[in-house]
$ cat run-v8.txt   # compact mmCIF, C-alpha atoms and all ligand atoms
# COMPACT_ATOMS: atom_id res chain seq x y z
CA MET A 1 -20.05 91.44 -62.30
CA SER A 2 -22.71 88.76 -62.69
CA MET A 3 -22.44 85.61 -60.65
CA MET A 4 -23.11 81.96 -61.46
CA LYS A 5 -23.36 78.65 -59.66
CA GLY A 6 -20.94 75.78 -60.14
CA TYR A 7 -20.10 72.41 -58.63
CA ALA A 8 -16.54 72.56 -57.39
CA MET A 9 -13.60 70.86 -55.74
CA LEU A 10 -13.30 72.82 -52.49
CA LYS A 11 -10.06 71.09 -51.52
CA ILE A 12 -8.66 67.55 -51.70
CA GLY A 13 -11.44 65.17 -50.69
CA GLU A 14 -14.20 67.79 -50.61
CA THR A 15 -16.71 69.04 -53.17
CA GLY A 16 -19.70 71.40 -53.06
CA TRP A 17 -21.75 74.09 -54.78
CA ILE A 18 -20.13 77.52 -54.98
CA GLU A 19 -20.97 80.97 -56.36
CA LYS A 20 -18.41 82.44 -58.70
CA GLU A 21 -18.07 85.30 -61.15
CA ARG A 22 -19.19 84.43 -64.66
CA PRO A 23 -16.14 83.88 -66.91
CA THR A 24 -15.25 86.74 -69.26
CA CYS A 25 -14.67 86.38 -72.98
CA GLY A 26 -11.35 87.31 -74.64
CA PRO A 27 -11.12 88.07 -78.40
CA ASN A 28 -10.55 84.41 -79.41
CA ASP A 29 -12.79 82.84 -76.78
CA ALA A 30 -16.37 81.70 -76.32
CA ILE A 31 -18.67 81.49 -73.34
CA ILE A 32 -20.89 78.42 -73.29
CA ARG A 33 -24.06 77.43 -71.43
CA PRO A 34 -24.05 73.64 -70.92
CA LEU A 35 -26.80 71.51 -72.51
CA ALA A 36 -25.54 68.18 -71.15
CA LEU A 37 -22.70 67.20 -68.82
CA SER A 38 -20.97 64.05 -67.67
CA PRO A 39 -18.57 63.40 -64.79
CA CYS A 40 -15.38 61.46 -65.41
CA THR A 41 -13.27 59.02 -63.44
CA SER A 42 -10.56 61.69 -63.78
CA ASP A 43 -12.69 64.07 -61.66
CA VAL A 44 -12.64 61.36 -58.99
CA HIS A 45 -8.82 61.02 -59.18
CA THR A 46 -8.51 64.81 -59.02
CA VAL A 47 -10.76 65.33 -55.99
CA TRP A 48 -10.45 62.21 -53.87
CA GLU A 49 -6.89 61.15 -54.69
CA GLY A 50 -5.54 64.69 -55.01
CA ALA A 51 -3.79 63.44 -58.15
CA LEU A 52 -3.07 66.94 -59.51
CA GLY A 53 -2.26 68.45 -56.11
CA ASP A 54 -4.56 70.71 -54.17
CA ARG A 55 -7.11 72.91 -55.89
CA HIS A 56 -9.41 75.35 -54.10
CA ASN A 57 -12.92 76.24 -55.24
CA MET A 58 -12.21 75.01 -58.76
CA ILE A 59 -15.33 74.13 -60.76
CA LEU A 60 -15.08 70.49 -61.85
CA GLY A 61 -15.94 68.72 -65.09
CA HIS A 62 -14.51 68.52 -68.60
CA GLU A 63 -17.16 66.56 -70.47
CA GLY A 64 -20.15 68.31 -71.94
CA CYS A 65 -21.72 70.11 -74.84
CA GLY A 66 -23.58 73.41 -74.89
CA GLU A 67 -24.92 76.51 -76.52
CA VAL A 68 -22.75 79.51 -77.35
CA VAL A 69 -23.82 82.61 -75.42
CA GLU A 70 -20.95 84.94 -76.33
CA VAL A 71 -17.96 84.98 -78.66
CA GLY A 72 -14.90 87.25 -78.85
CA SER A 73 -14.36 89.74 -81.67
CA ALA A 74 -11.85 87.48 -83.50
CA VAL A 75 -14.00 84.32 -83.53
CA LYS A 76 -15.08 83.54 -87.09
CA ASP A 77 -17.10 80.33 -87.21
CA PHE A 78 -19.33 80.40 -84.13
CA LYS A 79 -22.01 82.79 -82.90
CA PRO A 80 -24.41 83.03 -79.97
CA GLY A 81 -27.13 80.39 -80.21
CA ASP A 82 -24.95 77.75 -81.94
CA ARG A 83 -25.05 74.29 -80.38
CA ILE A 84 -21.52 73.02 -79.94
CA MET A 85 -19.37 70.10 -78.87
CA VAL A 86 -16.10 70.66 -77.06
CA ALA A 87 -13.31 68.29 -76.09
CA ALA A 88 -11.95 67.88 -72.57
CA ILE A 89 -8.57 69.04 -73.88
CA THR A 90 -8.57 72.58 -75.30
CA PRO A 91 -5.05 73.37 -76.57
CA ASP A 92 -3.62 76.72 -77.61
CA TRP A 93 -3.43 76.10 -81.33
CA MET A 94 -0.92 78.90 -81.95
CA SER A 95 1.61 77.29 -79.60
CA LEU A 96 4.89 75.72 -80.67
CA ALA A 97 3.81 72.46 -79.02
CA ALA A 98 0.78 72.35 -81.32
CA GLN A 99 3.01 73.07 -84.33
CA ASP A 100 5.18 70.19 -83.19
CA GLY A 101 2.22 67.79 -83.24
CA TYR A 102 1.60 67.77 -79.50
CA PRO A 103 -1.24 70.26 -78.93
CA MET A 104 -2.17 68.56 -75.65
CA HIS A 105 1.15 69.75 -74.21
CA SER A 106 0.76 73.38 -75.24
CA GLY A 107 1.85 75.57 -72.33
CA GLY A 108 3.84 72.74 -70.70
CA MET A 109 3.27 69.03 -70.12
CA LEU A 110 -0.50 68.29 -70.09
CA GLY A 111 -1.06 72.06 -70.53
CA GLY A 112 -3.91 71.50 -73.00
CA TRP A 113 -5.88 70.00 -70.15
CA LYS A 114 -7.29 73.25 -68.84
CA PHE A 115 -10.85 72.42 -67.68
CA SER A 116 -10.88 71.36 -64.03
CA ASN A 117 -7.10 71.52 -63.91
CA PHE A 118 -5.79 75.05 -64.61
CA LYS A 119 -9.16 76.77 -64.85
CA ASP A 120 -12.80 76.20 -64.00
CA GLY A 121 -14.38 73.21 -65.67
CA VAL A 122 -17.73 72.77 -67.36
CA PHE A 123 -19.90 72.07 -64.27
CA GLY A 124 -20.91 75.73 -64.08
CA GLU A 125 -23.92 77.61 -65.39
CA TYR A 126 -21.43 79.02 -67.91
CA PHE A 127 -17.97 77.94 -68.97
CA HIS A 128 -15.12 79.49 -70.94
CA VAL A 129 -13.46 78.00 -74.02
CA ASN A 130 -10.13 79.36 -75.31
CA ASP A 131 -9.32 79.35 -79.05
CA ALA A 132 -13.00 78.89 -79.90
CA ASP A 133 -12.46 78.38 -83.64
CA GLY A 134 -9.97 75.59 -82.91
CA ASN A 135 -11.67 73.96 -79.95
CA LEU A 136 -15.42 74.09 -80.66
CA ALA A 137 -17.29 72.04 -83.26
CA HIS A 138 -20.87 72.39 -84.42
CA LEU A 139 -23.13 69.73 -82.91
CA PRO A 140 -24.83 67.76 -85.71
CA ASP A 141 -28.65 67.54 -85.45
CA SER A 142 -28.53 63.73 -85.46
CA ILE A 143 -26.42 63.55 -82.28
CA SER A 144 -28.22 64.07 -78.96
CA THR A 145 -26.73 66.28 -76.28
CA ALA A 146 -26.22 63.19 -74.06
CA GLU A 147 -24.31 61.38 -76.82
CA ALA A 148 -22.27 64.52 -77.53
CA CYS A 149 -20.83 64.36 -74.00
CA MET A 150 -19.09 61.10 -74.97
CA LEU A 151 -17.26 63.01 -77.73
CA SER A 152 -15.56 65.23 -75.13
CA ASP A 153 -13.40 62.53 -73.61
CA MET A 154 -14.51 58.88 -73.70
CA ILE A 155 -14.37 58.45 -77.48
CA PRO A 156 -11.27 60.59 -78.16
CA THR A 157 -9.37 59.12 -75.20
CA GLY A 158 -10.26 55.48 -75.86
CA PHE A 159 -9.42 55.98 -79.54
CA HIS A 160 -6.16 57.71 -78.65
CA GLY A 161 -5.17 54.54 -76.79
CA VAL A 162 -5.65 52.73 -80.09
CA GLU A 163 -3.54 55.35 -81.88
CA LEU A 164 -0.79 55.13 -79.27
CA ALA A 165 -0.70 51.34 -79.54
CA GLU A 166 -0.72 51.66 -83.35
CA VAL A 167 -3.30 48.91 -83.82
CA SER A 168 -3.31 47.55 -87.36
CA PHE A 169 -5.15 44.92 -89.41
CA GLY A 170 -5.25 41.51 -87.84
CA ASP A 171 -3.56 42.47 -84.58
CA ASN A 172 -4.35 40.50 -81.46
CA VAL A 173 -5.23 43.28 -79.03
CA LEU A 174 -5.55 43.34 -75.27
CA VAL A 175 -7.60 46.11 -73.66
CA ILE A 176 -6.93 46.36 -69.93
CA GLY A 177 -9.90 48.06 -68.28
CA ILE A 178 -13.32 48.19 -69.90
CA GLY A 179 -14.95 51.12 -68.18
CA PRO A 180 -16.18 53.74 -70.66
CA VAL A 181 -12.64 54.66 -71.78
CA GLY A 182 -11.66 51.02 -72.31
CA LEU A 183 -14.94 50.31 -74.10
CA MET A 184 -14.13 53.04 -76.58
CA ALA A 185 -10.67 51.53 -76.96
CA VAL A 186 -12.36 48.21 -77.81
CA ALA A 187 -14.60 49.96 -80.36
CA GLY A 188 -11.62 51.87 -81.77
CA ALA A 189 -9.46 48.74 -82.02
CA ASP A 190 -12.28 46.97 -83.82
CA LEU A 191 -12.63 49.86 -86.29
CA ALA A 192 -8.84 49.84 -86.77
CA GLY A 193 -8.91 46.19 -87.87
CA ALA A 194 -7.99 44.18 -84.77
CA SER A 195 -8.74 40.46 -84.99
CA ASN A 196 -9.03 39.09 -81.44
CA ILE A 197 -9.74 41.65 -78.75
CA ILE A 198 -9.16 40.39 -75.22
CA CYS A 199 -10.90 42.53 -72.61
CA VAL A 200 -10.01 42.83 -68.92
CA GLY A 201 -12.75 43.84 -66.48
CA THR A 202 -15.37 42.37 -64.17
CA ARG A 203 -18.54 44.50 -64.21
CA PRO A 204 -21.09 42.42 -66.18
CA VAL A 205 -22.62 45.55 -67.71
CA CYS A 206 -19.20 46.46 -69.14
CA VAL A 207 -18.52 42.92 -70.35
CA GLU A 208 -21.85 42.93 -72.21
CA ALA A 209 -21.12 46.31 -73.77
CA ALA A 210 -17.60 45.18 -74.73
CA LYS A 211 -19.05 42.22 -76.64
CA GLY A 212 -21.15 44.68 -78.65
CA TYR A 213 -18.08 46.79 -79.43
CA GLY A 214 -16.02 43.87 -80.73
CA GLY A 215 -14.54 42.18 -77.64
CA THR A 216 -13.90 38.49 -78.35
CA HIS A 217 -12.32 37.14 -75.13
CA PHE A 218 -12.68 38.14 -71.49
CA VAL A 219 -10.26 38.04 -68.58
CA ASN A 220 -11.08 38.71 -64.94
CA TYR A 221 -8.12 40.41 -63.22
CA LYS A 222 -9.45 39.12 -59.90
CA ASP A 223 -8.83 35.52 -61.02
CA GLY A 224 -5.02 35.97 -61.05
CA PRO A 225 -2.32 37.89 -62.93
CA ILE A 226 -3.55 39.21 -66.29
CA ASP A 227 -0.35 38.16 -68.08
CA GLN A 228 -0.76 34.51 -67.10
CA GLN A 229 -4.35 34.43 -68.31
CA VAL A 230 -3.49 36.18 -71.56
CA LEU A 231 -0.50 33.93 -72.26
CA GLU A 232 -2.76 30.94 -71.73
CA LEU A 233 -5.32 32.33 -74.18
CA THR A 234 -2.63 32.99 -76.81
CA ASN A 235 -0.72 29.70 -76.51
CA GLY A 236 2.16 31.46 -74.79
CA GLN A 237 2.61 33.97 -77.64
CA GLY A 238 1.17 37.11 -76.04
CA VAL A 239 -0.59 39.89 -77.91
CA ASP A 240 0.57 42.37 -80.56
CA LYS A 241 -0.88 45.52 -79.04
CA ILE A 242 -2.16 46.56 -75.62
CA ILE A 243 -4.29 49.49 -74.57
CA ILE A 244 -4.26 50.29 -70.86
CA ALA A 245 -7.44 52.01 -69.71
CA GLY A 246 -7.66 50.78 -66.13
CA GLY A 247 -5.68 49.20 -63.32
CA ASP A 248 -2.80 50.88 -61.52
CA ASN A 249 0.97 51.38 -61.59
CA ASP A 250 1.56 47.61 -61.43
CA THR A 251 -0.53 47.02 -64.55
CA PHE A 252 2.47 47.91 -66.74
CA GLU A 253 4.34 44.92 -65.38
CA GLU A 254 1.50 42.60 -66.37
CA ALA A 255 1.21 44.27 -69.77
CA VAL A 256 4.90 43.98 -70.65
CA LYS A 257 4.84 40.31 -69.65
CA CYS A 258 2.15 39.39 -72.18
CA LEU A 259 3.26 41.64 -75.06
CA ARG A 260 5.12 40.12 -78.01
CA PRO A 261 8.56 41.46 -78.91
CA GLY A 262 7.98 44.43 -81.20
CA GLY A 263 4.60 45.01 -79.58
CA LYS A 264 3.24 48.35 -78.47
CA ILE A 265 1.44 49.53 -75.38
CA GLY A 266 -0.76 52.62 -75.48
CA ASN A 267 -1.62 53.93 -72.03
CA VAL A 268 -4.46 56.37 -71.39
CA ASN A 269 -5.01 55.42 -67.77
CA TYR A 270 -4.61 58.32 -65.33
CA LEU A 271 -2.21 57.15 -62.64
CA GLY A 272 -3.63 58.74 -59.54
CA SER A 273 -1.07 57.81 -56.88
CA GLY A 274 2.34 56.27 -56.17
CA ASP A 275 5.73 57.39 -57.47
CA TYR A 276 6.92 54.76 -59.93
CA ILE A 277 5.69 52.22 -62.41
CA LYS A 278 7.47 48.89 -62.75
CA ILE A 279 8.87 47.48 -65.99
CA PRO A 280 9.95 43.84 -65.66
CA ARG A 281 13.57 43.53 -66.80
CA ILE A 282 13.55 40.00 -68.24
CA GLU A 283 10.24 40.28 -70.10
CA TRP A 284 11.31 43.67 -71.44
CA GLY A 285 14.03 41.74 -73.24
CA VAL A 286 16.66 42.84 -70.69
CA GLY A 287 16.15 46.27 -72.20
CA MET A 288 16.20 45.13 -75.84
CA GLY A 289 12.78 43.59 -76.52
CA HIS A 290 11.41 46.33 -78.77
CA LYS A 291 8.38 46.55 -76.52
CA ARG A 292 7.29 50.15 -76.78
CA ILE A 293 5.32 51.92 -74.06
CA ASN A 294 3.59 55.13 -75.04
CA GLY A 295 1.34 57.03 -72.67
CA GLY A 296 -0.57 60.05 -73.83
CA LEU A 297 -3.24 62.60 -73.21
CA MET A 298 -5.66 62.85 -76.10
CA PRO A 299 -5.12 65.69 -78.56
CA GLY A 300 -8.43 67.60 -78.54
CA GLY A 301 -9.43 70.05 -81.25
CA ARG A 302 -12.22 70.77 -83.68
CA LEU A 303 -11.16 68.56 -86.58
CA ARG A 304 -10.87 65.50 -84.37
CA LEU A 305 -14.30 66.21 -82.84
CA GLU A 306 -15.89 66.58 -86.27
CA LYS A 307 -14.31 63.38 -87.56
CA LEU A 308 -15.19 61.29 -84.51
CA ALA A 309 -18.76 62.68 -84.56
CA ARG A 310 -19.01 61.46 -88.16
CA LEU A 311 -18.59 57.87 -86.92
CA ILE A 312 -21.77 58.31 -84.89
CA GLU A 313 -23.56 60.10 -87.71
CA VAL A 314 -22.95 57.29 -90.22
CA GLY A 315 -23.83 54.58 -87.71
CA LYS A 316 -20.36 53.08 -87.22
CA LEU A 317 -20.24 53.94 -83.53
CA ASP A 318 -23.10 53.88 -81.02
CA VAL A 319 -22.43 55.35 -77.58
CA LYS A 320 -25.95 54.74 -76.24
CA PRO A 321 -25.01 51.41 -74.56
CA MET A 322 -22.58 53.35 -72.35
CA LEU A 323 -25.15 55.81 -71.03
CA THR A 324 -26.46 53.69 -68.18
CA HIS A 325 -27.59 56.48 -65.82
CA ARG A 326 -29.43 59.61 -66.85
CA PHE A 327 -30.35 62.69 -64.79
CA GLU A 328 -32.44 65.65 -65.90
CA GLY A 329 -31.42 69.11 -64.70
CA PHE A 330 -28.16 70.92 -63.91
CA GLU A 331 -28.60 70.48 -60.15
CA HIS A 332 -28.02 66.71 -60.59
CA VAL A 333 -24.35 67.19 -61.49
CA GLU A 334 -23.59 66.43 -57.87
CA ASP A 335 -25.52 63.11 -57.92
CA ALA A 336 -23.81 62.11 -61.15
CA LEU A 337 -20.35 62.80 -59.75
CA MET A 338 -21.08 60.85 -56.55
CA LEU A 339 -22.22 57.94 -58.69
CA MET A 340 -18.90 58.09 -60.54
CA LYS A 341 -17.09 58.07 -57.21
CA ASP A 342 -19.05 55.09 -55.84
CA LYS A 343 -19.02 53.14 -59.15
CA PRO A 344 -22.02 50.86 -58.54
CA ARG A 345 -21.64 47.64 -60.53
CA ASP A 346 -24.38 48.58 -63.00
CA LEU A 347 -22.71 51.88 -63.92
CA ILE A 348 -20.86 52.65 -67.10
CA LYS A 349 -21.42 56.37 -67.53
CA PRO A 350 -23.89 58.84 -66.00
CA VAL A 351 -25.06 61.84 -67.98
CA VAL A 352 -26.88 64.98 -66.86
CA VAL A 353 -29.18 66.35 -69.53
CA ILE A 354 -30.10 70.02 -69.19
CA GLU A 355 -31.64 70.36 -72.64
CA GLU A 356 -32.24 67.61 -75.18
P1 LIG B 401 -13.56 52.85 -64.84
O1 LIG B 401 -13.22 52.90 -63.41
O2 LIG B 401 -14.98 52.91 -65.25
O3 LIG B 401 -12.94 51.54 -65.48
C1 LIG B 401 -11.73 50.99 -65.05
C2 LIG B 401 -11.60 49.61 -65.63
O4 LIG B 401 -10.39 49.02 -65.14
C3 LIG B 401 -12.71 48.67 -65.21
O5 LIG B 401 -13.01 47.81 -66.28
C4 LIG B 401 -12.10 47.92 -64.05
O6 LIG B 401 -12.71 46.65 -63.85
C5 LIG B 401 -10.68 47.77 -64.53
N1 LIG B 401 -9.72 47.52 -63.46
C6 LIG B 401 -9.76 47.94 -62.17
N2 LIG B 401 -8.69 47.47 -61.49
C7 LIG B 401 -7.98 46.75 -62.35
C8 LIG B 401 -6.77 46.00 -62.25
N3 LIG B 401 -6.08 45.93 -61.12
N4 LIG B 401 -6.31 45.39 -63.36
C9 LIG B 401 -6.98 45.47 -64.52
N5 LIG B 401 -8.13 46.15 -64.68
C10 LIG B 401 -8.61 46.79 -63.62
O7 LIG B 401 -12.72 54.03 -65.51
P2 LIG B 401 -12.91 54.87 -66.86
O8 LIG B 401 -13.11 53.98 -68.02
O9 LIG B 401 -13.89 55.95 -66.64
O10 LIG B 401 -11.47 55.54 -66.96
C11 LIG B 401 -10.33 54.74 -67.09
C12 LIG B 401 -9.09 55.55 -66.79
O11 LIG B 401 -8.82 56.50 -67.83
C13 LIG B 401 -9.18 56.36 -65.51
O12 LIG B 401 -7.96 56.28 -64.82
C14 LIG B 401 -9.41 57.76 -66.01
O13 LIG B 401 -9.01 58.73 -65.09
C15 LIG B 401 -8.54 57.74 -67.22
N6 LIG B 401 -8.82 58.80 -68.19
C16 LIG B 401 -7.78 59.28 -68.90
C17 LIG B 401 -7.95 60.27 -69.82
C18 LIG B 401 -6.85 60.73 -70.69
O14 LIG B 401 -7.01 61.71 -71.43
N7 LIG B 401 -5.71 60.05 -70.72
C19 LIG B 401 -9.25 60.88 -69.98
C20 LIG B 401 -10.31 60.25 -69.26
C21 LIG B 401 -10.09 59.26 -68.37
P3 LIG B 401 -14.11 46.43 -63.08
O15 LIG B 401 -15.03 45.93 -64.14
O16 LIG B 401 -13.79 45.40 -62.06
O17 LIG B 401 -14.55 47.72 -62.50
ZN ZN B 402 -12.88 62.79 -68.61
$ encode --input "run-v8.txt" --output "structure tokens"
Amino acid sequence: MSMMKGYAMLKIGETGWIEKERPTCGPNDAIIRPLALSPCTSDVHTVWEGALGDRHNMILGHEGCGEVVEVGSAVKDFKPGDRIMVAAITPDWMSLAAQDGYPMHSGGMLGGWKFSNFKDGVFGEYFHVNDADGNLAHLPDSISTAEACMLSDMIPTGFHGVELAEVSFGDNVLVIGIGPVGLMAVAGADLAGASNIICVGTRPVCVEAAKGYGGTHFVNYKDGPIDQQVLELTNGQGVDKIIIAGGDNDTFEEAVKCLRPGGKIGNVNYLGSGDYIKIPRIEWGVGMGHKRINGGLMPGGRLRLEKLARLIEVGKLDVKPMLTHRFEGFEHVEDALMLMKDKPRDLIKPVVVIEE
């Protein structure tokens, strides 16, 4: 059995390099060698907040692209040597959940989230992808390996927030949290036809990027409750749609308070701790305000990857402003993850490039 190196969660609060057996390839699967990788705030929740419970010697990471090194006998559209993109969520496409329109919940709630949750993630010298024909997509020549990493999670998750909030033409939209996920929610809301886009966040580098993606107004959550500031900006009316991509369990209270009746909240924030979220009774229309809250894990899958990649190919979406920190070489995965943990104020997203 050949061995490989990977950067892993050793237990809650502890990470390190480990040696592990190379993954094996089933008939529908593929084995991938990473070409570029990126750590995620979710990796930080998983390791340092223990948000998923304890995991031992589990290789981290779910954002990356790579080169196919092996495919199973039933895989039709990919072969060794192909350069591929892959989403963070890799559902079982034959499952009933997928047939029901919820591929991300195949195999149980959040079951499509396999990398660095139920199996080793992508921060290994090799990683395994189930349902290769459904979960891989060919990497277009015009998209760099660093940019492709943003198609694994940041773009599809930020855009899913927009889908969950059902943003439509002319909507006044509030995006709470403008880290990389929120920035992609701003870009997605803009593409979906939002008019005003109010952005909540403090890091100047994120505020600048948000302006480029279509943000029109800015709120600092450290200056007081978000709802009060948003109500002031909207003459007491509130906004039509809200995407939550940052904050904590109490953020829902602020969101409901500044959402118009009939408005919709799409949450993609990963709630790392605590037991309950609070919904304010009065502002939720004493239970009858038609204020919908929808939280969801992004769907994943090849078609979605191909379509979102097309936005980059035709020039409608540019992820380069998000790539603030770049490392060269697989061994820097550790540095990139630590950067994500420490979140220096000039950071949006670090990327580790193994091959251009
Ligand atoms: P970041 O930490 O980079 O960004 C968080 C944003 O929220 C920042 O703009 C931050 O502001 C802001 N913020 C922090 N505290 C508050 C507060 N109390 N009220 C309002 N805003 C606040 O995170 P990412 O963009 O990388 O990720 C965002 C979330 O999405 C994470 O929880 C992540 O785990 C989750 N996620 C979910 C996925 C899914 O599939 N559903 C996939 C990937 C990520 P500041 O400028 O001050 O830092
Ligand atoms: Zn992620």
$ atom_distance --input "run-v8.txt" --atom1 "atom C20 of ligand LIG 401 (chain B)" --atom2 "atom CA of A:Asp171"
24.4 Å
$ residues_around --input "run-v8.txt" --residues "stretch 325-331 of chain A" --least-positions-apart "3" --cutoff "10 Å" --atoms "all atoms listed in the file" --output "ChimeraX atom specification"
/A:5-7,17,34-38,123-125,146,322,334-336,339,346-356
$ residues_near_ligand --input "run-v8.txt" --ligand "ligand ZN 402 (chain B)" --cutoff "9 Å" --atoms "only C-alpha atoms and all ligand atoms" --output "PyMOL selection string"
chain A and resi 38-43+61-63+88+152-154+157+181
$ write_last_selection --input "run-v8.txt" --atoms "C-alpha atoms" --output "PDB file, keeping the file's coordinate frame"
ATOM      1  CA  SER A  38     -20.970  64.050 -67.670  1.00  0.00           C
ATOM      2  CA  PRO A  39     -18.570  63.400 -64.790  1.00  0.00           C
ATOM      3  CA  CYS A  40     -15.380  61.460 -65.410  1.00  0.00           C
ATOM      4  CA  THR A  41     -13.270  59.020 -63.440  1.00  0.00           C
ATOM      5  CA  SER A  42     -10.560  61.690 -63.780  1.00  0.00           C
ATOM      6  CA  ASP A  43     -12.690  64.070 -61.660  1.00  0.00           C
ATOM      7  CA  GLY A  61     -15.940  68.720 -65.090  1.00  0.00           C
ATOM      8  CA  HIS A  62     -14.510  68.520 -68.600  1.00  0.00           C
ATOM      9  CA  GLU A  63     -17.160  66.560 -70.470  1.00  0.00           C
ATOM     10  CA  ALA A  88     -11.950  67.880 -72.570  1.00  0.00           C
ATOM     11  CA  SER A 152     -15.560  65.230 -75.130  1.00  0.00           C
ATOM     12  CA  ASP A 153     -13.400  62.530 -73.610  1.00  0.00           C
ATOM     13  CA  MET A 154     -14.510  58.880 -73.700  1.00  0.00           C
ATOM     14  CA  THR A 157      -9.370  59.120 -75.200  1.00  0.00           C
ATOM     15  CA  VAL A 181     -12.640  54.660 -71.780  1.00  0.00           C
TER      16      VAL A 181
END
$ closest_atom_pairs --input "run-v8.txt" --of "chain A" --to "ligand LIG 401 (chain B)" --cutoff "7 Å" --atoms "only C-alpha atoms and all ligand atoms" --output "CSV"
residue,atom,partner,partner_atom,distance
A:Cys40,CA,B:LIG401,O9,5.8
A:Thr41,CA,B:LIG401,O9,4.5
A:Ser42,CA,B:LIG401,O13,3.6
A:His45,CA,B:LIG401,O13,6.3
A:Asp153,CA,B:LIG401,C19,5.8
A:Met154,CA,B:LIG401,C20,6.3
A:Thr157,CA,B:LIG401,O14,5.1
A:Ile176,CA,B:LIG401,N5,5.4
A:Gly177,CA,B:LIG401,O4,3.3
A:Ile178,CA,B:LIG401,O5,3.7
A:Gly179,CA,B:LIG401,O3,3.4
A:Pro180,CA,B:LIG401,O8,4.1
A:Val181,CA,B:LIG401,O8,3.8
A:Gly182,CA,B:LIG401,O8,5.4
A:Val200,CA,B:LIG401,N5,5.7
A:Gly201,CA,B:LIG401,O6,3.8
A:Thr202,CA,B:LIG401,O15,3.6
A:Arg203,CA,B:LIG401,O15,3.8
A:Cys206,CA,B:LIG401,O15,6.5
A:Tyr221,CA,B:LIG401,N4,5.3
A:Ala245,CA,B:LIG401,C11,4.8
A:Gly246,CA,B:LIG401,O4,3.4
A:Gly247,CA,B:LIG401,C7,3.5
A:Asp248,CA,B:LIG401,N3,6.0
A:Thr251,CA,B:LIG401,N4,6.1
A:Val268,CA,B:LIG401,N7,3.9
A:Asn269,CA,B:LIG401,O11,4.0
A:Tyr270,CA,B:LIG401,O12,4.0
A:Leu271,CA,B:LIG401,O12,6.2
A:Gly296,CA,B:LIG401,N7,6.0
A:Leu297,CA,B:LIG401,O14,4.3
A:Met298,CA,B:LIG401,O14,5.0
A:Ile348,CA,B:LIG401,O2,6.2
$ residues_around --input "run-v8.txt" --residues "A:Val47" --least-positions-apart "5" --cutoff "9 Å" --atoms "only C-alpha atoms" --output "list in words"
Met9, Leu10, Lys11, Ile12, Gly13, Glu14, Thr15, Ser42, Leu52, Asp54, Arg55 and Leu60 of chain A
$ write_last_selection --input "run-v8.txt" --atoms "C-alpha atoms" --output "mmCIF file, in the coordinates of the input"
data_model
loop_
_atom_site.group_PDB
_atom_site.id
_atom_site.type_symbol
_atom_site.label_atom_id
_atom_site.label_comp_id
_atom_site.auth_asym_id
_atom_site.auth_seq_id
_atom_site.Cartn_x
_atom_site.Cartn_y
_atom_site.Cartn_z
ATOM 1 C CA MET A 9 -13.600 70.860 -55.740
ATOM 2 C CA LEU A 10 -13.300 72.820 -52.490
ATOM 3 C CA LYS A 11 -10.060 71.090 -51.520
ATOM 4 C CA ILE A 12 -8.660 67.550 -51.700
ATOM 5 C CA GLY A 13 -11.440 65.170 -50.690
ATOM 6 C CA GLU A 14 -14.200 67.790 -50.610
ATOM 7 C CA THR A 15 -16.710 69.040 -53.170
ATOM 8 C CA SER A 42 -10.560 61.690 -63.780
ATOM 9 C CA LEU A 52 -3.070 66.940 -59.510
ATOM 10 C CA ASP A 54 -4.560 70.710 -54.170
ATOM 11 C CA ARG A 55 -7.110 72.910 -55.890
ATOM 12 C CA LEU A 60 -15.080 70.490 -61.850
#
$ atom_distance --input "run-v8.txt" --atom1 "atom CA of A:Leu337" --atom2 "atom CA of A:Leu151"
18.2 Å
$ atom_distance --input "run-v8.txt" --atom1 "atom CA of A:Arg302" --atom2 "atom CA of A:Ile59"
23.4 Å
$ residues_around --input "run-v8.txt" --residues "A:Phe78" --least-positions-apart "3" --cutoff "8 Å" --atoms "only C-alpha atoms" --output "VMD selection string"
chain A and resid 68 71 75 82 132 to 133
$ residues_around --input "run-v8.txt" --residues "A:Thr234" --least-positions-apart "4" --cutoff "12 Å" --atoms "all atoms listed in the file" --output "ChimeraX atom specification"
/A:172-174,196-198,217,227-230,238-240,258-260
